[in-house]
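Pasted below: model.txt, compact mmCIF, C-alpha atoms and all ligand atoms.
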```txt
# COMPACT_ATOMS: atom_id res chain seq x y z
CA MET V 1336 0.06 -20.25 -5.11
CA SER V 1337 1.44 -22.21 -2.20
CA ALA V 1338 0.86 -21.22 1.41
CA GLU V 1339 4.65 -21.27 1.80
CA SER V 1340 5.15 -17.97 0.04
CA LEU V 1341 3.64 -14.50 0.13
CA THR V 1342 3.33 -12.12 -2.76
CA LEU V 1343 3.07 -8.37 -2.56
CA THR V 1344 1.49 -7.03 -5.74
CA ILE V 1345 1.92 -3.34 -6.45
CA LEU V 1346 -1.63 -2.44 -7.47
CA GLY V 1347 -0.72 1.20 -8.02
CA SER V 1348 2.68 2.92 -8.10
CA GLY V 1349 1.55 6.49 -8.84
CA THR V 1350 1.31 9.64 -6.80
CA SER V 1351 -2.04 11.22 -5.97
CA THR V 1352 -2.68 12.56 -9.50
CA GLY V 1353 -2.12 9.24 -11.21
CA ILE V 1354 0.06 9.19 -14.35
CA PRO V 1355 -0.74 10.43 -16.94
CA VAL V 1356 -1.76 13.60 -15.13
CA ILE V 1357 -5.03 15.01 -16.47
CA GLY V 1358 -4.24 17.61 -19.14
CA CYS V 1359 -0.45 17.08 -19.09
CA ASN V 1360 1.54 16.55 -22.28
CA CYS V 1361 4.96 15.95 -20.73
CA PRO V 1362 7.12 13.08 -22.09
CA VAL V 1363 6.26 10.77 -19.17
CA CYS V 1364 2.50 11.42 -19.40
CA CYS V 1365 2.75 10.70 -23.16
CA SER V 1366 5.11 7.71 -22.74
CA ALA V 1367 4.33 4.44 -24.51
CA ASP V 1368 6.11 2.47 -21.76
CA PRO V 1369 3.35 0.77 -19.72
CA ARG V 1370 5.52 1.20 -16.59
CA ASP V 1371 4.97 4.97 -16.92
CA ARG V 1372 1.20 4.53 -16.56
CA ARG V 1373 0.63 4.64 -12.82
CA THR V 1374 -2.60 4.29 -10.91
CA ARG V 1375 -2.93 5.57 -7.35
CA CYS V 1376 -0.85 3.93 -4.63
CA SER V 1377 -2.01 0.64 -3.10
CA ALA V 1378 -0.84 -2.95 -2.74
CA LEU V 1379 -2.16 -6.47 -2.25
CA LEU V 1380 -0.73 -9.20 -0.05
CA SER V 1381 -1.55 -12.72 -1.23
CA PHE V 1382 -0.86 -16.00 0.55
CA GLY V 1383 -2.74 -19.23 0.08
CA GLN V 1384 -6.31 -18.15 -0.64
CA LYS V 1385 -6.02 -15.00 1.49
CA ARG V 1386 -5.94 -11.48 0.13
CA ILE V 1387 -5.07 -8.44 2.26
CA LEU V 1388 -5.19 -4.94 0.81
CA ILE V 1389 -2.89 -2.11 1.83
CA ASP V 1390 -5.08 0.97 1.28
CA THR V 1391 -8.12 1.37 -0.95
CA ALA V 1392 -6.77 3.71 -3.62
CA THR V 1393 -8.90 5.92 -5.81
CA ASP V 1394 -8.31 3.46 -8.67
CA LEU V 1395 -9.12 0.35 -6.63
CA ARG V 1396 -11.84 -0.91 -8.95
CA GLN V 1397 -9.57 -0.95 -12.00
CA GLN V 1398 -6.74 -2.48 -9.97
CA LEU V 1399 -8.84 -5.35 -8.61
CA LEU V 1400 -10.31 -6.08 -12.05
CA ARG V 1401 -6.81 -6.08 -13.57
CA GLU V 1402 -5.47 -8.49 -10.93
CA LYS V 1403 -8.66 -10.62 -10.97
CA VAL V 1404 -9.13 -10.34 -7.20
CA THR V 1405 -12.23 -12.19 -6.01
CA ARG V 1406 -11.95 -11.84 -2.23
CA ILE V 1407 -10.58 -9.43 0.35
CA ASP V 1408 -9.93 -10.67 3.90
CA ALA V 1409 -8.72 -7.40 5.46
CA VAL V 1410 -7.48 -3.91 4.68
CA LEU V 1411 -4.45 -2.23 6.27
CA TYR V 1412 -4.68 1.56 6.08
CA THR V 1413 -1.59 3.77 5.99
CA HIS V 1414 -3.41 7.13 6.32
CA ILE V 1415 -6.51 8.98 5.20
CA HIS V 1416 -5.38 10.96 2.15
CA ALA V 1417 -7.92 10.57 -0.62
CA ASP V 1418 -5.56 8.75 -3.00
CA HIS V 1419 -5.19 5.95 -0.41
CA LEU V 1420 -8.76 5.82 0.86
CA HIS V 1421 -11.39 6.83 -1.66
CA GLY V 1422 -11.73 3.44 -3.31
CA ILE V 1423 -13.33 2.25 -0.05
CA ASP V 1424 -16.76 1.94 -1.66
CA ASP V 1425 -15.45 -0.73 -4.05
CA LEU V 1426 -15.18 -3.07 -1.05
CA ARG V 1427 -18.94 -3.51 -1.52
CA ALA V 1428 -18.20 -6.12 -4.16
CA PHE V 1429 -16.84 -8.42 -1.45
CA THR V 1430 -19.59 -8.07 1.16
CA LEU V 1431 -22.76 -7.98 -0.93
CA ARG V 1432 -23.36 -11.67 -0.55
CA GLY V 1433 -23.77 -11.31 3.18
CA GLU V 1434 -20.35 -12.45 4.32
CA THR V 1435 -18.90 -11.17 7.57
CA ALA V 1436 -17.58 -7.63 7.79
CA ILE V 1437 -14.12 -6.93 6.35
CA PRO V 1438 -11.81 -5.77 9.16
CA LEU V 1439 -9.99 -2.48 8.56
CA TYR V 1440 -6.70 -2.07 10.45
CA GLY V 1441 -4.87 1.18 11.07
CA SER V 1442 -4.03 3.69 13.78
CA ALA V 1443 -6.86 4.80 16.05
CA SER V 1444 -6.77 8.30 14.52
CA THR V 1445 -6.80 7.02 10.92
CA LEU V 1446 -9.76 4.75 11.59
CA SER V 1447 -11.72 7.37 13.49
CA SER V 1448 -11.20 9.79 10.58
CA ILE V 1449 -12.45 7.14 8.15
CA ARG V 1450 -15.56 6.63 10.30
CA HIS V 1451 -16.07 10.38 10.39
CA ASN V 1452 -15.59 10.80 6.62
CA PHE V 1453 -17.93 7.93 5.70
CA PRO V 1454 -20.73 7.99 8.31
CA TYR V 1455 -23.17 6.30 5.92
CA ILE V 1456 -20.93 3.19 5.96
CA PHE V 1457 -20.39 2.97 9.70
CA ASP V 1458 -23.74 4.25 10.92
CA PRO V 1459 -26.08 2.70 8.38
CA ALA V 1460 -29.13 3.47 10.53
CA ASP V 1461 -28.79 6.96 9.08
CA GLU V 1462 -28.98 5.86 5.49
CA PRO V 1463 -29.59 2.18 4.81
CA GLY V 1464 -28.59 1.02 1.37
CA TYR V 1465 -25.83 -0.21 -0.81
CA ILE V 1466 -22.86 -0.05 1.55
CA PRO V 1467 -19.78 -2.18 2.23
CA LEU V 1468 -19.84 -4.20 5.45
CA LEU V 1469 -16.74 -3.04 7.34
CA LYS V 1470 -15.47 -2.98 10.90
CA THR V 1471 -12.60 -0.92 12.30
CA CYS V 1472 -9.79 -2.54 14.31
CA PRO V 1473 -7.29 0.02 15.70
CA VAL V 1474 -3.75 -1.32 16.11
CA ALA V 1475 -0.64 0.20 17.66
CA GLU V 1476 1.75 -2.73 17.66
CA ARG V 1477 2.22 -6.24 16.26
CA PHE V 1478 -1.07 -7.90 15.34
CA GLU V 1479 -2.21 -10.92 13.35
CA VAL V 1480 -4.49 -11.12 10.34
CA CYS V 1481 -5.36 -14.56 8.96
CA ASP V 1482 -2.54 -15.91 11.21
CA LEU V 1483 -0.06 -13.57 9.53
CA ALA V 1484 1.99 -11.38 11.89
CA ILE V 1485 2.05 -7.71 10.86
CA ILE V 1486 3.91 -4.84 12.52
CA PRO V 1487 2.70 -1.24 12.11
CA VAL V 1488 5.66 1.08 11.48
CA PRO V 1489 4.95 4.71 12.51
CA LEU V 1490 6.25 7.25 9.97
CA LEU V 1491 6.00 10.98 9.38
CA HIS V 1492 4.38 12.30 6.19
CA GLY V 1493 5.08 15.99 6.74
CA LYS V 1494 3.35 16.62 10.07
CA MET V 1495 0.92 13.74 9.63
CA LYS V 1496 1.55 10.51 11.53
CA VAL V 1497 1.04 7.58 9.18
CA TYR V 1498 1.73 3.85 9.25
CA GLY V 1499 3.93 1.70 7.10
CA TYR V 1500 3.66 -2.06 7.60
CA ARG V 1501 6.24 -4.80 8.09
CA ILE V 1502 5.38 -8.35 7.15
CA GLY V 1503 8.33 -10.60 8.02
CA PRO V 1504 11.24 -9.67 5.76
CA LEU V 1505 9.30 -7.06 3.77
CA ALA V 1506 8.27 -3.51 4.66
CA TYR V 1507 5.88 -1.26 2.75
CA LEU V 1508 6.48 2.43 3.59
CA THR V 1509 4.50 4.74 1.36
CA ASP V 1510 3.82 8.44 1.95
CA CYS V 1511 6.61 9.46 4.29
CA ASN V 1512 9.53 11.82 4.52
CA GLN V 1513 10.85 10.74 7.92
CA VAL V 1514 11.40 7.39 9.63
CA PRO V 1515 11.69 7.91 13.42
CA LYS V 1516 14.52 6.13 15.23
CA SER V 1517 12.05 3.87 17.05
CA SER V 1518 10.67 2.78 13.68
CA LEU V 1519 14.14 2.08 12.30
CA ASP V 1520 14.37 -0.43 15.15
CA LEU V 1521 11.15 -2.08 13.93
CA LEU V 1522 12.68 -2.40 10.45
CA ARG V 1523 15.88 -4.07 11.56
CA GLY V 1524 16.76 -7.10 9.45
CA ILE V 1525 14.30 -6.57 6.61
CA GLU V 1526 15.33 -7.77 3.16
CA TYR V 1527 12.70 -6.21 0.91
CA LEU V 1528 11.59 -2.60 1.04
CA VAL V 1529 8.94 -0.67 -0.87
CA ILE V 1530 9.35 3.03 -0.09
CA ASP V 1531 8.00 6.42 -1.17
CA GLY V 1532 10.33 8.01 -3.75
CA LEU V 1533 7.94 10.57 -5.23
CA ARG V 1534 10.08 12.57 -7.66
CA LEU V 1535 13.51 14.09 -8.33
CA THR V 1536 12.99 17.44 -6.63
CA PRO V 1537 12.49 17.73 -2.84
CA HIS V 1538 8.98 17.73 -1.37
CA GLN V 1539 7.65 18.76 2.04
CA THR V 1540 5.85 15.50 2.82
CA HIS V 1541 7.47 12.79 0.65
CA PHE V 1542 10.99 11.41 0.24
CA ASN V 1543 12.34 12.24 -3.19
CA LEU V 1544 14.33 9.70 -5.19
CA SER V 1545 17.74 10.39 -3.64
CA GLN V 1546 16.34 10.60 -0.08
CA ALA V 1547 14.52 7.30 -0.56
CA VAL V 1548 17.72 5.64 -1.80
CA ALA V 1549 19.63 7.02 1.21
CA MET V 1550 16.92 5.75 3.59
CA ALA V 1551 16.99 2.31 1.95
CA GLN V 1552 20.75 2.21 2.46
CA LEU V 1553 20.33 3.21 6.11
CA ILE V 1554 17.67 0.52 6.63
CA GLY V 1555 19.91 -1.96 4.84
CA SER V 1556 17.35 -3.70 2.62
CA ARG V 1557 18.77 -6.11 0.07
CA LYS V 1558 16.19 -5.17 -2.57
CA THR V 1559 14.26 -1.90 -2.69
CA TRP V 1560 11.49 -0.58 -4.92
CA LEU V 1561 10.49 3.10 -5.04
CA THR V 1562 6.78 3.86 -5.31
CA HIS V 1563 4.24 6.74 -5.24
CA LEU V 1564 5.98 8.11 -8.34
CA SER V 1565 5.15 11.37 -10.08
CA HIS V 1566 5.46 12.30 -13.75
CA GLU V 1567 8.97 13.61 -13.09
CA ILE V 1568 10.08 9.97 -13.08
CA ASP V 1569 10.67 8.31 -16.45
CA HIS V 1570 10.80 4.61 -15.66
CA ALA V 1571 13.40 3.46 -18.21
CA ARG V 1572 15.63 6.51 -17.87
CA HIS V 1573 15.65 6.96 -14.10
CA GLU V 1574 15.84 3.29 -13.21
CA ARG V 1575 19.18 3.09 -15.05
CA GLU V 1576 20.54 5.76 -12.72
CA LEU V 1577 19.63 3.93 -9.48
CA PRO V 1578 22.26 2.04 -7.47
CA PRO V 1579 22.35 -1.79 -7.50
CA GLY V 1580 19.47 -3.35 -5.57
CA VAL V 1581 17.16 -0.35 -6.04
CA SER V 1582 14.42 -0.32 -8.70
CA LEU V 1583 11.31 1.62 -9.56
CA ALA V 1584 7.99 -0.02 -8.77
CA TYR V 1585 5.34 -0.26 -11.48
CA ASP V 1586 1.69 -1.26 -11.57
CA GLY V 1587 1.41 -5.04 -11.52
CA LEU V 1588 4.88 -5.67 -10.07
CA LYS V 1589 4.88 -8.84 -7.93
CA ILE V 1590 7.34 -9.30 -5.07
CA GLU V 1591 7.49 -12.85 -3.75
CA PHE V 1592 8.93 -13.42 -0.30
CA ALA V 1593 9.11 -15.94 2.52
CA PRO V 1594 6.59 -15.86 5.36
CA PRO V 1595 7.52 -14.40 8.76
CA GLY V 1596 8.23 -17.47 10.82
CA PRO V 1597 6.08 -20.55 11.25
CA GLN V 1598 2.66 -18.83 11.45
CA VAL V 1599 2.01 -18.99 7.73
CA ALA V 1600 4.12 -21.92 6.64
CA ALA V 1601 2.09 -24.56 8.46
CA GLY V 1602 -1.26 -25.88 7.39
CA ASP V 1603 -4.04 -24.88 5.08
CA ARG V 1604 -4.97 -21.20 5.27
CA THR V 1605 -8.27 -21.47 3.48
CA ARG V 1606 -11.39 -20.71 5.44
ZN ZN Q 1701 -0.37 9.31 -1.34
ZN ZN Q 1702 3.08 14.95 -17.12
ZN ZN Q 1703 -0.49 11.01 1.68
```

Here is the file; what I need is its structure written in the form of structure tokens.
Amino acid sequence: MSAESLTLTILGSGTSTGIPVIGCNCPVCCSADPRDRRTRCSALLSFGQKRILIDTATDLRQQLLREKVTRIDAVLYTHIHADHLHGIDDLRAFTLRGETAIPLYGSASTLSSIRHNFPYIFDPADEPGYIPLLKTCPVAERFEVCDLAIIPVPLLHGKMKVYGYRIGPLAYLTDCNQVPKSSLDLLRGIEYLVIDGLRLTPHQTHFNLSQAVAMAQLIGSRKTWLTHLSHEIDHARHERELPPGVSLAYDGLKIEFAPPGPQVAAGDRTR
């Protein structure tokens, strides 16, 4: 891959249960279409040799094996729900050889909750052992990782404040049912959008399919993919019903896009 382009890989496109849902015999859970098999929601940004995760989903191990990922340079956290966080232990694979700590980015409250939930990782004096080497880096506005400019986009997921992330012309907005006006301003001019479109019926903390389509139209993205999908969504059937420019995400989908300005385009990014 050249340093001139970035790729966002959808590692997981499923809602918190994963699809198939344990014990469910519905047509989508029994579907033979591989796009209806959805692991928990996370994504991977790749550029040059660099690899940045968005969330550490419950299925992270399977996702990283599938995509043959051999390094992680940073993690961007959206929020602390288990489906987005509980693969955190699988980051051990990348720090066992004594490399420097992997930086975790997110809001101050998300990161302090992660520290609280996993004290054995962040306070190893308590329990030395087989832990990932991680450091927390709270962010509230534009920051850079591996010379790549990233903008946190505050969203509402029910009452919970979560982050989406904008990287140049692409925004990744999972787990939300409201985009505040100030965040719409942060999304101005994006071309590519990945957004929560959970299911057909309304939900208290997620956009459903029609709300996600309406939000994409308001944001004005040229190409949109809906993610965090439940077993109400039959990939082949429901994708046909979406307006032009809107598709359903699926595990393994790769979205290639141009870097945000000159930061990434110039020079060798390898360390
Ligand atoms: Zn979720
Ligand atoms: Zn089902
Ligand atoms: Zn959530």

Shell around range 1367-1376 of chain V at 10 Å using only C-alpha atoms, local window under 3 positions removed, as a VMD selection string
chain V and resid 1345 to 1356 1362 to 1364 1389 to 1395 1397 to 1398 1417 to 1420 1422 1509 to 1510 1531 1562 to 1566 1568 to 1571 1583 to 1588

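Using only C-alpha atoms, the residues found no farther than 8 Å from Asn1543 in chain V, other than those of its own chain fewer than 2 positions away, are Asp1531, Gly1532, Leu1533, Arg1534, Leu1535, Thr1536, Pro1537, His1538, His1541, Ser1545, Gln1546 and Ala1547 of chain V.
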
Considering only C-alpha atoms and all ligand atoms, state which residue in the set V:Ile1485, V:Ala1549, V:Val1497, V:Ile1525 is at the smallest distance from ligand ZN 1701 (chain Q).
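So, comparing all the options, the nearest one is V:Val1497.
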
Rows by chain and residue number, chain V within 7 Å of ligand ZN 1703 (chain Q), shortest pair, all atoms listed in the file, as a Markdown table:
```
| residue | atom | partner | partner_atom | distance |
| --- | --- | --- | --- | --- |
| V:His1414 | CA | Q:ZN1703 | ZN | 6.7 |
| V:His1416 | CA | Q:ZN1703 | ZN | 4.9 |
| V:His1492 | CA | Q:ZN1703 | ZN | 6.8 |
| V:Asp1510 | CA | Q:ZN1703 | ZN | 5.0 |
```

Minimum-distance residue to Ala1593 in chain V, chosen among V:Tyr1527, V:Tyr1440, V:Tyr1500, V:Tyr1465 (using all atoms listed in the file)
V:Tyr1527

Please indicate the distance in Å from CA of Ser1518 in chain V to CA of Asp1482 in chain V, rounded to one decimal place.
23.0 Å

I'd like to know which of V:Trp1560, V:Leu1521, V:Ser1340, V:Gly1358 is closest to ligand ZN 1702 (chain Q), using all atoms listed in the file.
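Nearest candidate to ligand ZN 1702 (chain Q) out of V:Trp1560, V:Leu1521, V:Ser1340, V:Gly1358: V:Gly1358.
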
What's the 10 Å shell around Gly1503 in chain V, counting only C-alpha atoms, without same-chain residues fewer than 4 positions away, as a list in words?
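Here the answer would be Leu1341, Leu1483, Ala1484, Ile1485, Ile1486, Leu1522, Gly1524, Ile1525, Glu1526, Tyr1527, Phe1592, Ala1593, Pro1594, Pro1595 and Gly1596 of chain V.
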
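For the set V:Ile1449, V:Ala1428, V:Leu1439, V:Ile1415, the residue with the smallest atom-to-atom gap to Lys1496 in chain V is V:Ile1415, counting all atoms listed in the file.
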
Which of these residues is nearest to ligand ZN 1701 (chain Q), using all atoms listed in the file: V:Cys1365, V:Ser1377, V:Leu1400, V:Pro1489?
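Of V:Cys1365, V:Ser1377, V:Leu1400, V:Pro1489, the one nearest ligand ZN 1701 (chain Q) is V:Ser1377, counting all atoms listed in the file.
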
What gap, in Å, lies between CA of Gly1493 in chain V and CA of Phe1542 in chain V?
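Here the two named atoms are 9.9 Å from each other.
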
Which residue of V:Gln1552, V:Thr1413, V:Thr1435, V:Ser1381 approaches Leu1490 in chain V most closely, using all atoms listed in the file
V:Thr1413

Please, which residues are within 8 Å of (-5.7, -6.6, -0.4) by the file's coordinates, counting all atoms listed in the file, and could they come as a JSON list (two decimals) with C-alpha atoms, in the coordinates of the input?
```
[["chain", "number", "residue", "atom", "x", "y", "z"],
["V", 1378, "ALA", "CA", -0.84, -2.95, -2.74],
["V", 1379, "LEU", "CA", -2.16, -6.47, -2.25],
["V", 1380, "LEU", "CA", -0.73, -9.20, -0.05],
["V", 1381, "SER", "CA", -1.55, -12.72, -1.23],
["V", 1386, "ARG", "CA", -5.94, -11.48, 0.13],
["V", 1387, "ILE", "CA", -5.07, -8.44, 2.26],
["V", 1388, "LEU", "CA", -5.19, -4.94, 0.81],
["V", 1389, "ILE", "CA", -2.89, -2.11, 1.83],
["V", 1390, "ASP", "CA", -5.08, 0.97, 1.28],
["V", 1407, "ILE", "CA", -10.58, -9.43, 0.35],
["V", 1408, "ASP", "CA", -9.93, -10.67, 3.90],
["V", 1409, "ALA", "CA", -8.72, -7.40, 5.46],
["V", 1410, "VAL", "CA", -7.48, -3.91, 4.68]]
```

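Atom pair CA of Leu1469 in chain V / CA of Phe1457 in chain V: separated by 7.4 Å.
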